[in-house]
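First the structure, in the form of structure tokens, and then the observations on it.
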Amino acid sequence: MDPEITAKILQEISIFNPTMGNIEDVSMLQDICDIWDTIYNFQARDGDIVVASYPKSGTTWMQEIMELILQEGDMEKSMRAPSFVKVPFLEMGHSSLDLANSMPSPRLLKTHLPVQLMPPSFWEKNVRTVYVARNPKDCLVSYYYFYKMDQTLPDPGTWENFFSMFLAGEVAWGNWFDHVIGWWKMKSQHQILYVFYEDMIEDPRREIERVMRFLCKDLSEEVLQKIQHHTSFKSMKENPMVNFTALPPSVFDTSISSFMRKGTVGDWKNHFLVSQNILFDEEYRKKMEDNGLSFRTEL
């Protein structure tokens with residue numbers, strides 16, 4: 001891919017301002033709010049494939065799995081550009097949207113948008129979406145460290161402060177509960193495969209095959225093994241095309257935390273106070289009852 005495109009996207013991200021705004025009561029970076037009309041009017045095409053999720057839910061992992069399935073395990077093609085260039089991120093700015101518009105079909109696109117903010121064209125076209133959901137306790141912990149290292153986001157303050165912000169939905173891309181429930185309810189009306197991060201950790205091969213079938217591919221045993229190996233946490237953490245080390249420290253300061261930190265289930269136990277766990281469980285029960293959606297916080 002053209003290195004100029006990468007440079008253009010990097011330049012645009014590096015001037016993102018860590019100021020928050022909101023769109024229809026969803027907390028969002030002000031830079032995204034400023035170009036909201038362009039994002040909302042983005043034109044999906046028949047055949048588009050989308051990876052969607054709440055932030056820090058295994059998005060990059062799933063994105064790489066999907067990319068390799070579509071490339072039929074061709075590692076050389078997979079290494080052609082950083083992940084944010086191979087898979088344009090709808091909310092990353094004009095350069096990313098321009099890149100998406102210039103790509104041939106079928107395109108693989110990424111978004112963290114809650115279902116109600118998706119550009120309407122995605123519901124009008126023949127689009128397949130893989131939605132990845134992660135249990136909220138681990139998601140919160142991962143998001144806290146991400147907030148600390150991502151210089152385009154406001155300072156999260158203390159762990160206690162961020163815990164309260166997350167629970168109140170006052171973080172970028174809004175409320176976790178609304179996000180996962182919104183996409184869950186939409187899956188019966190559109191081509192949406194709902195995948196759980198914990199299932200991916202428990203049996204990556206099974207989930208890779210589920211995604212493969214959803215994308216109407218039929219890959220050999222050898223290719224599937226290759227994809228599983230290449231998308232293991234260790235391989236991805238060392239892969240400069242997916243570990244975001246291509247971003248300058250002014251955007252992602254990896255001296256604070258690496259983008260791919262632990263990739264486990266249950267790390268929340270090292271962070272939650274007993275009182276926080278009680279409070280969180282209460283909120284979880286209140287928000288999650290009667291929707292048929294449940295999460296595992298340990299394996």
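A note on labels: chains of the structure tokens are A, B, ... as shown, every chain counts residues from 1, and ligands are counted from 1 in their shown order.
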
Quick one: residues within 10 Å of range 66-77 of chain A, only C-alpha atoms, excluding same-chain residues fewer than 3 positions away - as a PDB file with C-alpha atoms, in the first residue's frame?
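Written output follows (result.pdb):
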```
ATOM      1  CA  MET A   1       0.000   0.000   0.000  1.00  0.00           C
ATOM      2  CA  ILE A  49     -17.538  -6.591   5.826  1.00  0.00           C
ATOM      3  CA  VAL A  50     -17.391  -4.825   9.179  1.00  0.00           C
ATOM      4  CA  VAL A  51     -15.691  -5.601  12.471  1.00  0.00           C
ATOM      5  CA  THR A  60      -7.649  -5.770  16.527  1.00  0.00           C
ATOM      6  CA  TRP A  61      -7.496  -9.512  17.157  1.00  0.00           C
ATOM      7  CA  MET A  62     -10.752 -10.140  15.310  1.00  0.00           C
ATOM      8  CA  GLN A  63      -9.787  -7.707  12.563  1.00  0.00           C
ATOM      9  CA  ARG A  80       1.432  -5.124   3.464  1.00  0.00           C
ATOM     10  CA  ALA A  81       0.478  -2.240   5.781  1.00  0.00           C
ATOM     11  CA  SER A  83      -3.809  -2.649  10.542  1.00  0.00           C
ATOM     12  CA  LYS A  86      -5.516  -2.345   5.822  1.00  0.00           C
ATOM     13  CA  VAL A  87      -8.818  -1.908   7.647  1.00  0.00           C
ATOM     14  CA  PRO A 106     -15.173  -6.158  -0.854  1.00  0.00           C
ATOM     15  CA  ARG A 107     -13.872  -3.825   1.838  1.00  0.00           C
ATOM     16  CA  LEU A 108     -13.095  -4.752   5.436  1.00  0.00           C
ATOM     17  CA  VAL A 130     -18.809  -9.441  13.119  1.00  0.00           C
ATOM     18  CA  ILE A 208     -11.966 -18.732  13.707  1.00  0.00           C
ATOM     19  CA  GLU A 209     -13.997 -21.447  11.963  1.00  0.00           C
ATOM     20  CA  VAL A 211     -16.060 -16.479  11.423  1.00  0.00           C
ATOM     21  CA  MET A 212     -14.798 -18.311   8.320  1.00  0.00           C
ATOM     22  CA  ARG A 213     -18.238 -19.864   7.720  1.00  0.00           C
ATOM     23  CA  LEU A 215     -17.704 -14.956   5.669  1.00  0.00           C
ATOM     24  CA  CYS A 216     -18.626 -17.792   3.268  1.00  0.00           C
ATOM     25  CA  LYS A 217     -15.074 -19.112   3.048  1.00  0.00           C
ATOM     26  CA  ASP A 218     -13.844 -22.696   3.137  1.00  0.00           C
ATOM     27  CA  LEU A 219     -10.183 -22.873   4.078  1.00  0.00           C
ATOM     28  CA  SER A 220      -7.891 -25.886   4.382  1.00  0.00           C
ATOM     29  CA  GLU A 222      -3.159 -25.932   6.915  1.00  0.00           C
ATOM     30  CA  VAL A 223      -4.447 -22.386   6.323  1.00  0.00           C
ATOM     31  CA  LEU A 224      -6.582 -22.462   9.466  1.00  0.00           C
ATOM     32  CA  GLN A 225      -3.572 -23.542  11.531  1.00  0.00           C
ATOM     33  CA  LYS A 226      -1.541 -20.728  10.002  1.00  0.00           C
ATOM     34  CA  ILE A 227      -4.236 -18.171  10.858  1.00  0.00           C
ATOM     35  CA  GLN A 228      -4.495 -19.438  14.419  1.00  0.00           C
ATOM     36  CA  HIS A 230      -0.450 -15.757  13.321  1.00  0.00           C
ATOM     37  CA  THR A 231      -3.307 -14.375  15.435  1.00  0.00           C
TER      38      THR A 231
END
```

Counting only C-alpha atoms, what is within 7 Å of His112 in chain A, bar same-chain residues fewer than 4 positions away, as a PDB file with N, CA, C and O atoms, in the first residue's frame?
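The file below, part-v3.pdb, is the result:
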```pdb
ATOM      1  N   ALA A  52     -17.032  -4.767  14.311  1.00  0.00           N
ATOM      2  CA  ALA A  52     -17.564  -3.756  15.226  1.00  0.00           C
ATOM      3  C   ALA A  52     -17.387  -4.230  16.662  1.00  0.00           C
ATOM      4  O   ALA A  52     -17.409  -5.435  16.932  1.00  0.00           O
ATOM      5  N   SER A  53     -17.207  -3.275  17.570  1.00  0.00           N
ATOM      6  CA  SER A  53     -17.061  -3.636  18.980  1.00  0.00           C
ATOM      7  C   SER A  53     -17.030  -2.380  19.825  1.00  0.00           C
ATOM      8  O   SER A  53     -16.798  -1.283  19.319  1.00  0.00           O
ATOM      9  N   TYR A  54     -17.219  -2.572  21.113  1.00  0.00           N
ATOM     10  CA  TYR A  54     -16.903  -1.528  22.085  1.00  0.00           C
ATOM     11  C   TYR A  54     -15.375  -1.541  22.205  1.00  0.00           C
ATOM     12  O   TYR A  54     -14.753  -2.606  22.063  1.00  0.00           O
ATOM     13  N   PRO A  55     -14.728  -0.386  22.455  1.00  0.00           N
ATOM     14  CA  PRO A  55     -13.258  -0.390  22.542  1.00  0.00           C
ATOM     15  C   PRO A  55     -12.722  -1.405  23.555  1.00  0.00           C
ATOM     16  O   PRO A  55     -13.352  -1.697  24.562  1.00  0.00           O
ATOM     17  N   TRP A 173     -17.021   6.597  23.224  1.00  0.00           N
ATOM     18  CA  TRP A 173     -17.934   5.607  22.625  1.00  0.00           C
ATOM     19  C   TRP A 173     -19.034   5.151  23.588  1.00  0.00           C
ATOM     20  O   TRP A 173     -19.751   4.210  23.321  1.00  0.00           O
TER      21      TRP A 173
END
```

| request: Give me every helix (DSSP H, G or I) residue in range 104-154 of chain A, going by DSSP on the backbone, as a VMD selection string. | output: chain A and resid 115 to 117 121 to 124 136 to 149

| task | Considering only C-alpha atoms, return as a PyMOL selection string whatever protein or nucleic-acid residues lie within 7 Å of range 15-18 of chain A, sequence-local ones (same chain, fewer than 3 positions apart) excluded. | result | chain A and resi 11-12+29+31+152-154

Writing out the chosen residues with all heavy atoms as a PDB file, in the first residue's frame:
```pdb
ATOM      1  N   GLN A  11      -0.622  11.582  10.297  1.00  0.00           N
ATOM      2  CA  GLN A  11      -0.601  13.041  10.492  1.00  0.00           C
ATOM      3  C   GLN A  11      -1.933  13.520  11.078  1.00  0.00           C
ATOM      4  O   GLN A  11      -1.967  14.337  11.999  1.00  0.00           O
ATOM      5  CB  GLN A  11      -0.343  13.728   9.145  1.00  0.00           C
ATOM      6  CG  GLN A  11      -0.086  15.217   9.280  1.00  0.00           C
ATOM      7  CD  GLN A  11       0.131  15.866   7.909  1.00  0.00           C
ATOM      8  OE1 GLN A  11       0.069  15.214   6.875  1.00  0.00           O
ATOM      9  NE2 GLN A  11       0.376  17.165   7.900  1.00  0.00           N
ATOM     10  N   GLU A  12      -3.019  12.971  10.546  1.00  0.00           N
ATOM     11  CA  GLU A  12      -4.332  13.401  11.030  1.00  0.00           C
ATOM     12  C   GLU A  12      -4.572  12.954  12.479  1.00  0.00           C
ATOM     13  O   GLU A  12      -5.063  13.714  13.301  1.00  0.00           O
ATOM     14  CB  GLU A  12      -5.438  12.859  10.122  1.00  0.00           C
ATOM     15  CG  GLU A  12      -6.794  13.458  10.464  1.00  0.00           C
ATOM     16  CD  GLU A  12      -7.851  13.260   9.387  1.00  0.00           C
ATOM     17  OE1 GLU A  12      -7.615  12.517   8.416  1.00  0.00           O
ATOM     18  OE2 GLU A  12      -8.918  13.845   9.527  1.00  0.00           O
ATOM     19  N   LEU A  29     -15.075  11.627  21.276  1.00  0.00           N
ATOM     20  CA  LEU A  29     -14.028  12.637  21.088  1.00  0.00           C
ATOM     21  C   LEU A  29     -14.568  13.792  20.248  1.00  0.00           C
ATOM     22  O   LEU A  29     -15.270  13.570  19.260  1.00  0.00           O
ATOM     23  CB  LEU A  29     -12.815  12.017  20.382  1.00  0.00           C
ATOM     24  CG  LEU A  29     -11.821  11.260  21.249  1.00  0.00           C
ATOM     25  CD1 LEU A  29     -10.889  10.441  20.384  1.00  0.00           C
ATOM     26  CD2 LEU A  29     -11.007  12.226  22.111  1.00  0.00           C
ATOM     27  N   ASP A  31     -13.097  15.643  18.153  1.00  0.00           N
ATOM     28  CA  ASP A  31     -12.655  15.572  16.748  1.00  0.00           C
ATOM     29  C   ASP A  31     -13.598  14.715  15.902  1.00  0.00           C
ATOM     30  O   ASP A  31     -13.791  14.972  14.721  1.00  0.00           O
ATOM     31  CB  ASP A  31     -11.234  14.998  16.664  1.00  0.00           C
ATOM     32  CG  ASP A  31     -10.192  16.027  17.083  1.00  0.00           C
ATOM     33  OD1 ASP A  31     -10.043  17.031  16.394  1.00  0.00           O
ATOM     34  OD2 ASP A  31      -9.551  15.815  18.127  1.00  0.00           O
ATOM     35  N   THR A 152      -4.543  10.816  22.608  1.00  0.00           N
ATOM     36  CA  THR A 152      -5.662  11.548  21.992  1.00  0.00           C
ATOM     37  C   THR A 152      -6.900  11.485  22.890  1.00  0.00           C
ATOM     38  O   THR A 152      -7.946  12.048  22.557  1.00  0.00           O
ATOM     39  CB  THR A 152      -6.016  10.978  20.593  1.00  0.00           C
ATOM     40  OG1 THR A 152      -6.621   9.691  20.743  1.00  0.00           O
ATOM     41  CG2 THR A 152      -4.794  10.883  19.704  1.00  0.00           C
ATOM     42  N   LEU A 153      -6.810  10.764  24.013  1.00  0.00           N
ATOM     43  CA  LEU A 153      -7.921  10.685  24.969  1.00  0.00           C
ATOM     44  C   LEU A 153      -7.577  11.505  26.206  1.00  0.00           C
ATOM     45  O   LEU A 153      -6.406  11.675  26.548  1.00  0.00           O
ATOM     46  CB  LEU A 153      -8.162   9.220  25.378  1.00  0.00           C
ATOM     47  CG  LEU A 153      -8.745   8.298  24.295  1.00  0.00           C
ATOM     48  CD1 LEU A 153      -8.669   6.841  24.735  1.00  0.00           C
ATOM     49  CD2 LEU A 153     -10.191   8.670  23.968  1.00  0.00           C
ATOM     50  N   PRO A 154      -8.592  12.017  26.914  1.00  0.00           N
ATOM     51  CA  PRO A 154      -8.305  12.800  28.124  1.00  0.00           C
ATOM     52  C   PRO A 154      -7.632  11.940  29.193  1.00  0.00           C
ATOM     53  O   PRO A 154      -7.769  10.718  29.192  1.00  0.00           O
ATOM     54  CB  PRO A 154      -9.695  13.244  28.609  1.00  0.00           C
ATOM     55  CG  PRO A 154     -10.649  12.941  27.512  1.00  0.00           C
ATOM     56  CD  PRO A 154     -10.037  11.882  26.658  1.00  0.00           C
TER      57      PRO A 154
END
```

Contact residues around range 114-123 of chain A with only C-alpha atoms at 12 Å, ignoring same-chain residues under 4 positions, as a short mmCIF file (atom, residue, chain, number, x, y, z; two decimals) with N, CA and C atoms, in the first residue's frame:
```cif
data_model
loop_
_atom_site.label_atom_id
_atom_site.label_comp_id
_atom_site.auth_asym_id
_atom_site.auth_seq_id
_atom_site.Cartn_x
_atom_site.Cartn_y
_atom_site.Cartn_z
N ASN A 22 -20.23 15.07 22.56
CA ASN A 22 -21.14 13.93 22.50
C ASN A 22 -22.05 14.00 21.30
N ILE A 23 -22.48 12.83 20.85
CA ILE A 23 -23.40 12.71 19.71
C ILE A 23 -24.60 11.92 20.20
N GLU A 24 -25.76 12.55 20.16
CA GLU A 24 -26.99 11.90 20.63
C GLU A 24 -26.79 11.23 22.00
N ASP A 25 -26.19 11.98 22.91
CA ASP A 25 -25.95 11.53 24.29
C ASP A 25 -24.93 10.40 24.41
N VAL A 26 -24.18 10.14 23.35
CA VAL A 26 -23.08 9.18 23.43
C VAL A 26 -21.78 9.98 23.52
N SER A 27 -21.01 9.73 24.57
CA SER A 27 -19.74 10.43 24.79
C SER A 27 -18.76 10.08 23.66
N MET A 28 -18.16 11.12 23.06
CA MET A 28 -17.30 10.89 21.89
C MET A 28 -16.23 11.97 21.83
N CYS A 33 -16.86 14.29 16.71
CA CYS A 33 -18.08 15.11 16.64
C CYS A 33 -17.99 16.14 15.51
N TRP A 36 -18.81 14.61 12.21
CA TRP A 36 -19.86 13.61 12.33
C TRP A 36 -20.70 13.47 11.06
N ASP A 37 -21.05 14.59 10.43
CA ASP A 37 -21.89 14.51 9.22
C ASP A 37 -21.23 13.64 8.14
N THR A 38 -19.92 13.78 7.99
CA THR A 38 -19.18 12.99 6.99
C THR A 38 -19.21 11.51 7.34
N ILE A 39 -19.03 11.21 8.63
CA ILE A 39 -19.06 9.80 9.07
C ILE A 39 -20.45 9.22 8.86
N TYR A 40 -21.47 9.96 9.31
CA TYR A 40 -22.84 9.45 9.27
C TYR A 40 -23.34 9.24 7.84
N ASN A 41 -22.80 10.03 6.93
CA ASN A 41 -23.22 9.92 5.53
C ASN A 41 -22.31 9.01 4.70
N PHE A 42 -21.40 8.32 5.37
CA PHE A 42 -20.53 7.37 4.68
C PHE A 42 -21.39 6.33 3.95
N GLN A 43 -20.99 6.01 2.72
CA GLN A 43 -21.77 5.08 1.91
C GLN A 43 -21.20 3.66 1.94
N ALA A 44 -21.95 2.78 2.57
CA ALA A 44 -21.58 1.36 2.56
C ALA A 44 -21.86 0.81 1.16
N ARG A 45 -21.22 -0.32 0.85
CA ARG A 45 -21.47 -0.98 -0.44
C ARG A 45 -21.89 -2.42 -0.16
N ASP A 46 -22.61 -2.99 -1.11
CA ASP A 46 -22.91 -4.43 -1.03
C ASP A 46 -21.60 -5.19 -0.95
N GLY A 47 -21.54 -6.16 -0.06
CA GLY A 47 -20.32 -6.96 0.05
C GLY A 47 -19.35 -6.46 1.11
N ASP A 48 -19.61 -5.26 1.66
CA ASP A 48 -18.74 -4.75 2.73
C ASP A 48 -18.78 -5.70 3.93
N ILE A 49 -17.64 -5.78 4.62
CA ILE A 49 -17.54 -6.59 5.83
C ILE A 49 -17.04 -5.68 6.93
N VAL A 50 -17.70 -5.75 8.09
CA VAL A 50 -17.39 -4.82 9.18
C VAL A 50 -17.00 -5.60 10.43
N ALA A 52 -17.03 -4.77 14.31
CA ALA A 52 -17.56 -3.76 15.23
C ALA A 52 -17.39 -4.23 16.66
N SER A 53 -17.21 -3.28 17.57
CA SER A 53 -17.06 -3.64 18.98
C SER A 53 -17.03 -2.38 19.83
N TYR A 54 -17.22 -2.57 21.11
CA TYR A 54 -16.90 -1.53 22.09
C TYR A 54 -15.38 -1.54 22.21
N PRO A 55 -14.73 -0.39 22.45
CA PRO A 55 -13.26 -0.39 22.54
C PRO A 55 -12.72 -1.41 23.56
N LEU A 90 -13.70 3.82 10.67
CA LEU A 90 -14.66 4.87 10.26
C LEU A 90 -14.52 6.16 11.06
N GLU A 91 -14.16 6.05 12.35
CA GLU A 91 -14.11 7.25 13.19
C GLU A 91 -12.71 7.85 13.29
N LEU A 109 -13.94 -3.10 7.02
CA LEU A 109 -13.97 -1.82 7.73
C LEU A 109 -14.12 -2.06 9.23
N LYS A 110 -13.72 -1.06 10.01
CA LYS A 110 -13.79 -1.19 11.47
C LYS A 110 -14.57 -0.02 12.07
N VAL A 127 -24.45 -6.08 3.88
CA VAL A 127 -23.22 -5.97 4.66
C VAL A 127 -23.19 -7.05 5.73
N ARG A 128 -22.03 -7.65 5.93
CA ARG A 128 -21.86 -8.63 7.02
C ARG A 128 -21.04 -7.97 8.12
N THR A 129 -21.49 -8.13 9.36
CA THR A 129 -20.77 -7.55 10.50
C THR A 129 -20.45 -8.60 11.54
N TYR A 131 -19.48 -8.71 15.33
CA TYR A 131 -19.43 -7.88 16.54
C TYR A 131 -18.73 -8.67 17.64
N ALA A 172 -15.16 7.52 26.07
CA ALA A 172 -15.31 7.58 24.61
C ALA A 172 -16.08 6.36 24.09
N TRP A 173 -17.02 6.60 23.22
CA TRP A 173 -17.93 5.61 22.63
C TRP A 173 -19.03 5.15 23.59
N GLY A 174 -19.15 5.87 24.71
CA GLY A 174 -20.34 5.73 25.53
C GLY A 174 -20.41 4.55 26.48
N ASN A 175 -21.64 4.19 26.78
CA ASN A 175 -21.94 3.20 27.81
C ASN A 175 -21.77 1.76 27.29
N TRP A 176 -20.96 0.97 28.01
CA TRP A 176 -20.71 -0.42 27.60
C TRP A 176 -22.02 -1.21 27.50
N PHE A 177 -22.88 -1.07 28.49
CA PHE A 177 -24.13 -1.84 28.53
C PHE A 177 -24.99 -1.54 27.31
N ASP A 178 -25.18 -0.27 27.03
CA ASP A 178 -26.00 0.13 25.87
C ASP A 178 -25.41 -0.42 24.57
N HIS A 179 -24.09 -0.40 24.49
CA HIS A 179 -23.38 -0.82 23.28
C HIS A 179 -23.61 -2.31 22.99
N VAL A 180 -23.29 -3.15 23.99
CA VAL A 180 -23.40 -4.60 23.74
C VAL A 180 -24.85 -5.04 23.57
N ILE A 181 -25.77 -4.40 24.31
CA ILE A 181 -27.18 -4.77 24.21
C ILE A 181 -27.75 -4.31 22.87
N GLY A 182 -27.37 -3.10 22.44
CA GLY A 182 -27.86 -2.56 21.16
C GLY A 182 -27.51 -3.46 19.99
N TRP A 183 -26.26 -3.91 19.94
CA TRP A 183 -25.83 -4.79 18.83
C TRP A 183 -26.45 -6.18 18.97
N TRP A 184 -26.64 -6.65 20.20
CA TRP A 184 -27.26 -7.96 20.44
C TRP A 184 -28.68 -7.97 19.87
N LYS A 185 -29.42 -6.89 20.14
CA LYS A 185 -30.81 -6.82 19.67
C LYS A 185 -30.90 -6.71 18.15
N MET A 186 -29.89 -6.13 17.54
CA MET A 186 -29.92 -5.90 16.09
C MET A 186 -29.56 -7.16 15.30
N LYS A 187 -28.95 -8.14 15.96
CA LYS A 187 -28.43 -9.30 15.21
C LYS A 187 -29.51 -10.15 14.57
N GLN A 189 -32.00 -8.94 12.97
CA GLN A 189 -32.53 -8.21 11.80
C GLN A 189 -31.53 -8.07 10.66
N HIS A 190 -30.26 -8.31 10.96
CA HIS A 190 -29.22 -8.11 9.94
C HIS A 190 -28.19 -9.25 10.01
N GLN A 191 -27.28 -9.26 9.04
CA GLN A 191 -26.23 -10.29 9.02
C GLN A 191 -25.14 -9.92 10.02
N ILE A 192 -25.39 -10.27 11.28
CA ILE A 192 -24.44 -9.94 12.35
C ILE A 192 -24.06 -11.21 13.09
#
```
